[in-house]
Each structure stands twice: as structure tokens, then as C-alpha cells.
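target-v3.tsv follows; it contains TSV, C-alpha atoms.
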chain	number	residue	atom	x	y	z
A	1262	MET	CA	67.25	-11.36	118.87
A	1263	LEU	CA	70.07	-13.90	118.97
A	1264	HIS	CA	69.52	-17.10	116.98
A	1265	SER	CA	71.45	-20.29	117.77
A	1266	ARG	CA	72.26	-22.86	115.09
A	1267	TRP	CA	73.60	-26.39	115.57
A	1268	LEU	CA	75.72	-27.22	112.51
A	1269	GLY	CA	77.14	-30.63	113.43
A	1270	ARG	CA	80.70	-31.39	112.32
A	1271	VAL	CA	82.04	-28.71	109.99
A	1272	PRO	CA	85.53	-28.17	108.50
A	1273	PHE	CA	87.21	-25.08	109.92
A	1274	ALA	CA	87.41	-23.23	106.59
A	1275	GLU	CA	83.70	-23.75	105.95
A	1276	ALA	CA	82.76	-22.45	109.39
A	1277	LEU	CA	85.06	-19.46	108.97
A	1278	ALA	CA	83.43	-18.60	105.64
A	1279	LEU	CA	80.00	-18.76	107.29
A	1280	GLN	CA	81.18	-16.44	110.05
A	1281	GLU	CA	82.54	-14.00	107.48
A	1282	ASP	CA	79.20	-14.01	105.64
A	1283	LEU	CA	77.26	-13.37	108.84
A	1284	VAL	CA	79.59	-10.54	109.89
A	1285	ALA	CA	79.22	-8.93	106.46
A	1286	GLN	CA	75.43	-9.16	106.78
A	1287	LYS	CA	75.53	-7.53	110.21
A	1288	ILE	CA	77.75	-4.71	108.95
A	1289	ALA	CA	75.48	-4.11	105.95
A	1290	ASP	CA	72.28	-4.37	107.99
A	1291	PRO	CA	72.52	-3.66	111.75
A	1292	ALA	CA	68.99	-5.07	112.12
A	1293	ALA	CA	70.18	-8.53	110.99
A	1294	PRO	CA	69.92	-10.99	113.91
A	1295	ASP	CA	72.86	-11.92	116.10
A	1296	THR	CA	73.80	-15.58	115.66
A	1297	LEU	CA	75.41	-18.21	117.87
A	1298	LEU	CA	76.92	-20.99	115.76
A	1299	LEU	CA	77.42	-24.26	117.65
A	1300	LEU	CA	79.40	-27.07	116.03
A	1301	GLU	CA	82.33	-29.48	116.03
A	1302	HIS	CA	85.40	-29.29	113.79
A	1303	GLU	CA	87.42	-31.84	111.92
A	1304	PRO	CA	90.91	-32.09	113.53
A	1305	VAL	CA	92.83	-28.84	113.01
A	1306	TYR	CA	95.26	-26.53	114.78
A	1307	THR	CA	94.71	-22.78	114.71
A	1308	ILE	CA	96.83	-19.82	115.77
A	1309	GLY	CA	96.20	-16.09	115.80
A	1310	ARG	CA	98.04	-13.56	113.65
A	1311	THR	CA	101.15	-13.28	115.79
A	1312	PRO	CA	104.86	-13.40	114.92
A	1313	ASP	CA	105.43	-15.53	118.04
A	1314	ARG	CA	104.76	-19.13	117.08
A	1315	SER	CA	106.61	-20.78	119.94
A	1316	SER	CA	103.34	-22.43	121.06
A	1317	LEU	CA	103.51	-24.68	117.99
A	1318	ARG	CA	106.66	-26.39	119.32
A	1319	ASP	CA	107.61	-28.20	116.06
A	1320	PRO	CA	105.34	-26.93	113.24
A	1321	ALA	CA	106.69	-29.55	110.84
A	1322	ALA	CA	105.59	-32.37	113.15
A	1323	LEU	CA	101.98	-31.35	113.71
A	1324	PRO	CA	99.67	-34.35	113.13
A	1325	HIS	CA	96.86	-32.18	111.75
A	1326	PRO	CA	96.63	-29.10	109.48
A	1327	LEU	CA	97.48	-25.63	110.80
A	1328	ILE	CA	95.39	-22.56	109.95
A	1329	VAL	CA	96.28	-18.96	110.78
A	1330	THR	CA	93.16	-17.08	111.85
A	1331	GLY	CA	92.07	-13.53	112.58
A	1332	ARG	CA	91.41	-14.20	116.26
A	1333	GLY	CA	93.72	-13.27	119.08
A	1334	GLY	CA	95.89	-15.74	120.91
A	1335	GLN	CA	98.34	-18.57	120.49
A	1336	ALA	CA	97.91	-22.10	119.17
A	1337	THR	CA	95.04	-24.38	120.06
A	1338	TYR	CA	93.53	-27.61	118.79
A	1339	HIS	CA	90.00	-28.29	117.55
A	1340	GLY	CA	88.55	-31.70	116.85
A	1341	PRO	CA	85.71	-34.18	117.38
A	1342	GLY	CA	84.36	-34.20	120.91
A	1343	GLN	CA	84.85	-30.47	121.34
A	1344	LEU	CA	81.99	-27.95	121.38
A	1345	ILE	CA	82.79	-24.88	119.31
A	1346	GLY	CA	80.76	-21.70	119.78
A	1347	TYR	CA	81.01	-18.76	117.38
A	1348	PRO	CA	78.86	-15.84	118.58
A	1349	ILE	CA	78.35	-13.28	115.80
A	1350	LEU	CA	77.23	-10.42	118.03
A	1351	ASP	CA	76.81	-6.68	117.69
A	1352	LEU	CA	78.88	-5.45	120.63
A	1353	ARG	CA	77.68	-1.84	120.40
A	1354	PRO	CA	74.56	-2.40	122.52
A	1355	ARG	CA	76.72	-4.58	124.79
A	1356	GLY	CA	78.95	-1.67	125.79
A	1357	GLN	CA	81.59	-1.93	123.02
A	1358	ASP	CA	83.76	-3.67	125.62
A	1359	LEU	CA	85.95	-6.60	124.57
A	1360	HIS	CA	86.79	-7.54	128.15
A	1361	ARG	CA	83.09	-7.65	128.98
A	1362	HIS	CA	82.53	-9.92	125.96
A	1363	LEU	CA	85.32	-12.27	127.08
A	1364	ARG	CA	83.96	-12.42	130.63
A	1365	ALA	CA	80.46	-13.14	129.29
A	1366	LEU	CA	81.83	-16.09	127.29
A	1367	GLU	CA	83.62	-17.37	130.40
A	1368	ASP	CA	80.41	-17.02	132.43
A	1369	LEU	CA	78.53	-19.03	129.82
A	1370	LEU	CA	81.13	-21.81	129.88
A	1371	ILE	CA	81.29	-21.91	133.68
A	1372	ALA	CA	77.50	-22.23	133.80
A	1373	LEU	CA	77.63	-24.97	131.16
A	1374	CYS	CA	80.22	-26.90	133.18
A	1375	ALA	CA	78.07	-26.50	136.30
A	1376	HIS	CA	75.08	-28.00	134.47
A	1377	PHE	CA	77.10	-31.23	134.16
A	1378	GLY	CA	78.30	-31.10	137.76
A	1379	VAL	CA	81.75	-29.72	136.97
A	1380	ALA	CA	83.15	-26.68	138.82
A	1381	GLY	CA	84.71	-24.42	136.21
A	1382	THR	CA	86.74	-21.41	137.32
A	1383	ARG	CA	88.70	-18.46	135.95
A	1384	ARG	CA	92.45	-17.90	136.30
A	1385	GLU	CA	93.68	-14.41	137.20
A	1386	GLY	CA	95.28	-12.75	134.19
A	1387	LEU	CA	94.29	-15.51	131.74
A	1388	THR	CA	91.33	-16.06	129.42
A	1389	GLY	CA	89.43	-19.35	129.41
A	1390	VAL	CA	87.98	-21.80	131.93
A	1391	TRP	CA	89.76	-24.26	134.23
A	1392	VAL	CA	88.76	-27.25	136.35
A	1393	GLY	CA	91.22	-27.33	139.22
A	1394	GLU	CA	94.67	-27.05	137.65
A	1395	LYS	CA	93.53	-28.25	134.22
A	1396	LYS	CA	92.13	-26.19	131.37
A	1397	ILE	CA	88.79	-27.25	129.91
A	1398	ALA	CA	87.89	-24.36	127.57
A	1399	SER	CA	89.73	-21.85	125.41
A	1400	ILE	CA	88.51	-18.51	124.07
A	1401	GLY	CA	89.80	-16.43	121.17
A	1402	ILE	CA	87.81	-13.62	119.59
A	1403	GLY	CA	87.96	-11.27	116.66
A	1404	VAL	CA	86.02	-8.04	116.12
A	1405	ARG	CA	85.15	-6.16	112.94
A	1406	ARG	CA	83.32	-2.84	113.26
A	1407	TRP	CA	82.18	-4.02	116.71
A	1408	ILE	CA	80.76	-7.27	115.29
A	1409	SER	CA	82.32	-10.25	117.06
A	1410	LEU	CA	83.47	-13.48	115.46
A	1411	HIS	CA	85.43	-16.57	116.53
A	1412	GLY	CA	84.62	-17.56	120.11
A	1413	PHE	CA	85.09	-20.56	122.40
A	1414	ALA	CA	86.11	-24.22	122.37
A	1415	LEU	CA	84.96	-26.47	125.23
A	1416	ASN	CA	86.33	-29.99	125.54
A	1417	VAL	CA	83.29	-32.21	126.04
A	1418	GLY	CA	85.02	-35.53	125.32
A	1419	GLY	CA	87.16	-36.91	122.55
A	1420	ASP	CA	90.90	-37.47	122.17
A	1421	LEU	CA	93.04	-34.88	123.96
A	1422	THR	CA	96.43	-36.22	122.80
A	1423	PRO	CA	96.67	-33.76	119.85
A	1424	TYR	CA	97.25	-31.03	122.46
A	1425	HIS	CA	100.61	-32.67	123.22
A	1426	ALA	CA	102.01	-31.29	119.95
A	1427	ILE	CA	101.50	-27.67	121.05
A	1428	THR	CA	101.66	-25.42	124.09
A	1429	PRO	CA	97.92	-24.74	124.33
A	1430	CYS	CA	97.23	-20.99	124.20
A	1431	GLY	CA	100.93	-20.43	124.91
A	1432	ILE	CA	100.53	-21.42	128.59
A	1433	ALA	CA	103.54	-23.42	129.75
A	1434	ASP	CA	102.88	-26.79	131.41
A	1435	VAL	CA	99.11	-26.51	131.03
A	1436	GLU	CA	97.19	-29.80	131.04
A	1437	MET	CA	93.87	-30.08	129.21
A	1438	THR	CA	90.79	-31.90	130.45
A	1439	SER	CA	87.20	-32.47	129.33
A	1440	LEU	CA	83.70	-32.56	130.74
A	1441	GLU	CA	83.71	-36.35	130.40
A	1442	ARG	CA	86.91	-36.72	132.39
A	1443	ALA	CA	85.88	-34.20	135.03
A	1444	SER	CA	82.34	-35.55	135.47
A	1445	GLY	CA	82.94	-39.25	134.90
A	1446	ARG	CA	80.00	-39.30	132.48
A	1447	VAL	CA	79.71	-40.06	128.77
A	1448	LEU	CA	78.42	-36.89	127.09
A	1449	SER	CA	77.57	-35.83	123.55
A	1450	VAL	CA	78.64	-32.55	121.99
A	1451	GLN	CA	75.14	-32.00	120.62
A	1452	ALA	CA	73.62	-32.36	124.08
A	1453	ALA	CA	76.13	-29.83	125.44
A	1454	ALA	CA	75.30	-27.52	122.53
A	1455	ALA	CA	71.60	-27.60	123.42
A	1456	ILE	CA	72.39	-26.56	126.99
A	1457	ALA	CA	74.80	-23.87	125.76
A	1458	ALA	CA	72.07	-22.39	123.56
A	1459	ARG	CA	69.68	-22.24	126.50
A	1460	LEU	CA	72.25	-20.71	128.87
A	1461	ALA	CA	73.15	-18.10	126.27
A	1462	ARG	CA	69.80	-16.44	126.99
A	1463	GLU	CA	71.28	-15.23	130.27
A	1464	HIS	CA	74.90	-14.69	129.31
A	1465	LEU	CA	74.86	-13.46	125.71
A	1466	GLY	CA	71.30	-12.18	125.24
A	1467	LEU	CA	67.92	-13.60	124.27
A	1468	VAL	CA	68.23	-16.68	122.10
A	1469	ASP	CA	65.71	-18.05	119.62
A	1470	VAL	CA	66.76	-21.70	119.21
A	1471	ARG	CA	66.14	-22.98	115.69

Just give me the structure of the file as C-alpha cells.
Amino acid sequence: MLHSRWLGRVPFAEALALQEDLVAQKIADPAAPDTLLLLEHEPVYTIGRTPDRSSLRDPAALPHPLIVTGRGGQATYHGPGQLIGYPILDLRPRGQDLHRHLRALEDLLIALCAHFGVAGTRREGLTGVWVGEKKIASIGIGVRRWISLHGFALNVGGDLTPYHAITPCGIADVEMTSLERASGRVLSVQAAAAIAARLAREHLGLVDVR
């Protein structure tokens, strides 16, 4: 059983500590439930453990803190107006396949965009979700003993200007967008989280929404 939890706005370090605790529980007890954490972050930049930091442009000029994480990938921004999803999943019964996990996350996000009348798509050779030529969602995962952590970030609304300080996900000339901009509607992150939890039944497994 996969439980979803809406946490509201949570600092990145606090959410990371919660993920670490849940992963440790899953490793110690394989019968512990899978969990989908849904939340927002305070403004922060993150980057994976890579020696290539060119996506940061000028690290000394970043307007918000930078945190190096255990996920894969280049720099991205998290902040208010963005739906964060951290699925803590046992990937062994899901085929022990990281590509399959990434595609499942993309499927979930594309379905979530479609719920709000926005046509999300994939890009060949890249991870994430696009609307036309603009990127709307980023994905970066980590795995420990086939237990997943980290996950996705979907721009629901909010200020997108912090992306100007980085090369998002290391993709040159990429422009970011949001569900609000693409749909022309005012949307709340919590409302998007409720839909994401429901759609996860199909794309990530059965969900018991608490």
C-alpha cells in the first residue's frame, strides 16, 4: 500500500530528513508502507553530486541558498507555487528498473497536466515534462537498496524568475512555464497535490490518501 501525505510548505533540509527516515524504515522493514510525500519548499536551489556545476552560472550570485543533494542531475530551483513529490517506493516489485520509475513519474505528471487542460509531453533523450517548447516539470531521483527517494517538481504557479540564475537541469536555452501560465487559470498547489495523489493510484501503485 502506498500512502500519500500533504505536508504543506517545508524547508528542503526538513523534507530530506523525513525522506531519509522513511527510506531507513523501508530498508529495515520491507513491509513498511510506500509513501508519496507532497509539499512545497521554501526558495532553494539544488544540484546533484556532480563535478560539473556549469548549470549554476554564477554560484556567488544565486539569490537563494544552494544545497547539494544525493539525486541525479544538474541544478534546479524549488519554491512556493511548485508541487514537490517525493515517492519513497520499493522498486523491487516494480521491476528494479530506474528508467521505468522515471517514465512512471513522467506519466503521472502528464496526466496531472491533462487534468488541468494542459498538454504535457516528453522530450526524446531528456527527463521531465514539457508544454510545447517550455519545461513545466523536472525529475531527479535517488535510490538506496532499491528504495527510491527524491522525485519531481511541477510548476503550478508562483514566481519563475529564480530560474534565470541557473541553466535549469543543465539544458541550454530552456524556458520554464507553469500550469497557471499554460492553462490561464489560478491554481493552488494543494489542489494539484490532491489530484496527484489520486492519479498516483494508476501510475505509482495503490494509494491510501491520509

A:Ala1414, A:Ala1365, A:Val1305, A:Met1437 ranked by distance to Lys1395 (chain A), top pick (using all atoms listed in the file) = A:Met1437

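Comparing the minimum interatomic distances between Met1262 (chain A) and each of A:Ile1408, A:Leu1350, A:Leu1298, A:Val1329, counting only C-alpha atoms, we find that A:Leu1350 sits nearest.
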
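Within 9 Å of the point (97.3, -21.9, 116.3) in file coordinates, and counting all atoms listed in the file, lie the residues Val1305, Tyr1306, Thr1307, Ile1308, Gly1309, Arg1310, Arg1314, Ser1316, Leu1317, Leu1327, Ile1328, Val1329, Thr1330, Gly1334, Gln1335, Ala1336, Thr1337, Tyr1338, Ile1427, Pro1429 and Cys1430 of chain A.
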
inquiry  = For a test of reading the model, state the distance in Å between CA of Ala1426 (chain A) and CA of Leu1268 (chain A), rounded to one decimal.
reply    = 27.6 Å

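Take CA of His1264 (chain A) and CA of Ser1399 (chain A): the distance between them is 22.4 Å.
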
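Surrounding residues of (89.5, -12.0, 119.0) at most 9 Å away are Gly1309, Gly1331, Arg1332, Gly1333, Gly1334, Leu1359, Ile1400, Gly1401, Ile1402, Gly1403, Val1404, Ser1409, Leu1410, His1411 and Gly1412 of chain A (based on all atoms listed in the file).
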
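In this model, the gap between CA of Ala1454 (chain A) and CA of Leu1366 (chain A) comes to 14.0 Å.
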
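Using only C-alpha atoms, the smallest distance between any of A:Glu1275, A:Asp1358, A:Asp1351, A:Glu1367 and Glu1301 (chain A) comes from A:Glu1275.
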
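Among the candidate residues A:Leu1263, A:Arg1406, A:Gly1445, A:Asp1290, the one lying nearest to Arg1353 (chain A) is A:Arg1406, with distances computed using all atoms listed in the file.
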
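Residues in contact range of Leu1352 (chain A), defined as at most 6 Å between only C-alpha atoms, with sequence neighbours fewer than 3 positions away removed, read Arg1355, Gln1357, Trp1407 and Ile1408 of chain A.
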
Would you kindly return, as a short mmCIF file (atom, residue, chain, number, x, y, z; two decimals) with C-alpha atoms, keeping the file's coordinate frame, each protein, DNA or RNA residue with an atom no farther than 9 Å from any atom of Ser1449 (chain A), considering all atoms listed in the file and excluding same-chain residues fewer than 2 positions away?
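File part.cif, as written:
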data_model
loop_
_atom_site.label_atom_id
_atom_site.label_comp_id
_atom_site.auth_asym_id
_atom_site.auth_seq_id
_atom_site.Cartn_x
_atom_site.Cartn_y
_atom_site.Cartn_z
CA GLY A 1342 84.36 -34.20 120.91
CA VAL A 1417 83.29 -32.21 126.04
CA GLY A 1418 85.02 -35.53 125.32
CA VAL A 1447 79.71 -40.06 128.77
CA GLN A 1451 75.14 -32.00 120.62
CA ALA A 1452 73.62 -32.36 124.08
CA ALA A 1453 76.13 -29.83 125.44
CA ALA A 1454 75.30 -27.52 122.53
#

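For the choices A:Ala1322, A:Gln1286, A:Thr1311, A:Ala1278, the atom-to-atom distance to His1425 (chain A) is smallest for A:Ala1322 when using all atoms listed in the file.
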
Expected file for region 1335-1367 of chain A keeping N, CA and C atoms, as an mmCIF file, in the first residue's frame:
data_model
loop_
_atom_site.group_PDB
_atom_site.id
_atom_site.type_symbol
_atom_site.label_atom_id
_atom_site.label_comp_id
_atom_site.auth_asym_id
_atom_site.auth_seq_id
_atom_site.Cartn_x
_atom_site.Cartn_y
_atom_site.Cartn_z
ATOM 1 N N GLN A 1335 21.451 18.066 -12.791
ATOM 2 C CA GLN A 1335 22.039 19.383 -12.638
ATOM 3 C C GLN A 1335 21.155 20.268 -11.757
ATOM 4 N N ALA A 1336 21.397 21.570 -11.814
ATOM 5 C CA ALA A 1336 20.741 22.499 -10.900
ATOM 6 C C ALA A 1336 19.279 22.705 -11.254
ATOM 7 N N THR A 1337 18.475 22.880 -10.217
ATOM 8 C CA THR A 1337 17.097 23.298 -10.395
ATOM 9 C C THR A 1337 16.705 24.201 -9.231
ATOM 10 N N TYR A 1338 15.525 24.781 -9.352
ATOM 11 C CA TYR A 1338 15.012 25.689 -8.322
ATOM 12 C C TYR A 1338 13.736 25.112 -7.745
ATOM 13 N N HIS A 1339 13.555 25.273 -6.430
ATOM 14 C CA HIS A 1339 12.303 24.919 -5.765
ATOM 15 C C HIS A 1339 11.818 26.139 -4.995
ATOM 16 N N GLY A 1340 10.504 26.341 -4.986
ATOM 17 C CA GLY A 1340 9.974 27.457 -4.219
ATOM 18 C C GLY A 1340 8.462 27.423 -4.160
ATOM 19 N N PRO A 1341 7.869 28.404 -3.490
ATOM 20 C CA PRO A 1341 6.412 28.482 -3.372
ATOM 21 C C PRO A 1341 5.745 28.481 -4.745
ATOM 22 N N GLY A 1342 4.611 27.786 -4.838
ATOM 23 C CA GLY A 1342 3.918 27.677 -6.103
ATOM 24 C C GLY A 1342 4.291 26.442 -6.893
ATOM 25 N N GLN A 1343 5.218 25.672 -6.367
ATOM 26 C CA GLN A 1343 5.686 24.464 -7.058
ATOM 27 C C GLN A 1343 5.280 23.239 -6.242
ATOM 28 N N LEU A 1344 4.701 22.244 -6.914
ATOM 29 C CA LEU A 1344 4.350 20.990 -6.250
ATOM 30 C C LEU A 1344 5.539 20.050 -6.293
ATOM 31 N N ILE A 1345 5.987 19.657 -5.112
ATOM 32 C CA ILE A 1345 7.075 18.699 -4.970
ATOM 33 C C ILE A 1345 6.476 17.342 -4.620
ATOM 34 N N GLY A 1346 6.956 16.295 -5.270
ATOM 35 C CA GLY A 1346 6.529 14.938 -4.944
ATOM 36 C C GLY A 1346 7.735 14.060 -4.685
ATOM 37 N N TYR A 1347 7.794 13.467 -3.510
ATOM 38 C CA TYR A 1347 8.880 12.557 -3.141
ATOM 39 C C TYR A 1347 8.299 11.166 -2.914
ATOM 40 N N PRO A 1348 8.332 10.286 -3.916
ATOM 41 C CA PRO A 1348 7.842 8.922 -3.717
ATOM 42 C C PRO A 1348 8.930 8.045 -3.084
ATOM 43 N N ILE A 1349 8.656 7.531 -1.901
ATOM 44 C CA ILE A 1349 9.553 6.598 -1.229
ATOM 45 C C ILE A 1349 9.005 5.205 -1.525
ATOM 46 N N LEU A 1350 9.514 4.597 -2.591
ATOM 47 C CA LEU A 1350 8.940 3.374 -3.135
ATOM 48 C C LEU A 1350 9.955 2.238 -3.111
ATOM 49 N N ASP A 1351 9.463 1.039 -2.864
ATOM 50 C CA ASP A 1351 10.264 -0.162 -3.039
ATOM 51 C C ASP A 1351 10.207 -0.525 -4.516
ATOM 52 N N LEU A 1352 11.321 -0.388 -5.221
ATOM 53 C CA LEU A 1352 11.340 -0.630 -6.653
ATOM 54 C C LEU A 1352 11.514 -2.104 -7.006
ATOM 55 N N ARG A 1353 11.732 -2.956 -6.030
ATOM 56 C CA ARG A 1353 11.922 -4.380 -6.347
ATOM 57 C C ARG A 1353 10.667 -5.002 -6.953
ATOM 58 N N PRO A 1354 9.479 -4.796 -6.376
ATOM 59 C CA PRO A 1354 8.290 -5.339 -7.052
ATOM 60 C C PRO A 1354 7.874 -4.533 -8.282
ATOM 61 N N ARG A 1355 8.576 -3.442 -8.555
ATOM 62 C CA ARG A 1355 8.300 -2.625 -9.739
ATOM 63 C C ARG A 1355 9.350 -2.859 -10.822
ATOM 64 N N GLY A 1356 10.022 -4.010 -10.737
ATOM 65 C CA GLY A 1356 10.943 -4.404 -11.799
ATOM 66 C C GLY A 1356 12.389 -3.997 -11.609
ATOM 67 N N GLN A 1357 12.714 -3.325 -10.491
ATOM 68 C CA GLN A 1357 14.091 -2.860 -10.248
ATOM 69 C C GLN A 1357 14.648 -2.143 -11.484
ATOM 70 N N ASP A 1358 13.850 -1.235 -12.012
ATOM 71 C CA ASP A 1358 14.161 -0.578 -13.281
ATOM 72 C C ASP A 1358 14.046 0.934 -13.095
ATOM 73 N N LEU A 1359 15.184 1.621 -13.085
ATOM 74 C CA LEU A 1359 15.165 3.067 -12.857
ATOM 75 C C LEU A 1359 14.502 3.812 -14.011
ATOM 76 N N HIS A 1360 14.716 3.353 -15.234
ATOM 77 C CA HIS A 1360 14.074 4.007 -16.376
ATOM 78 C C HIS A 1360 12.554 3.867 -16.285
ATOM 79 N N ARG A 1361 12.104 2.706 -15.881
ATOM 80 C CA ARG A 1361 10.660 2.504 -15.712
ATOM 81 C C ARG A 1361 10.114 3.446 -14.641
ATOM 82 N N HIS A 1362 10.867 3.635 -13.568
ATOM 83 C CA HIS A 1362 10.440 4.548 -12.495
ATOM 84 C C HIS A 1362 10.354 5.976 -13.026
ATOM 85 N N LEU A 1363 11.353 6.410 -13.785
ATOM 86 C CA LEU A 1363 11.338 7.760 -14.350
ATOM 87 C C LEU A 1363 10.154 7.952 -15.293
ATOM 88 N N ARG A 1364 9.898 6.954 -16.137
ATOM 89 C CA ARG A 1364 8.777 7.066 -17.077
ATOM 90 C C ARG A 1364 7.446 7.089 -16.332
ATOM 91 N N ALA A 1365 7.349 6.339 -15.229
ATOM 92 C CA ALA A 1365 6.113 6.355 -14.433
ATOM 93 C C ALA A 1365 5.873 7.737 -13.835
ATOM 94 N N LEU A 1366 6.941 8.385 -13.364
ATOM 95 C CA LEU A 1366 6.801 9.743 -12.827
ATOM 96 C C LEU A 1366 6.370 10.710 -13.927
ATOM 97 N N GLU A 1367 6.958 10.569 -15.114
ATOM 98 C CA GLU A 1367 6.542 11.422 -16.231
ATOM 99 C C GLU A 1367 5.073 11.184 -16.581
#
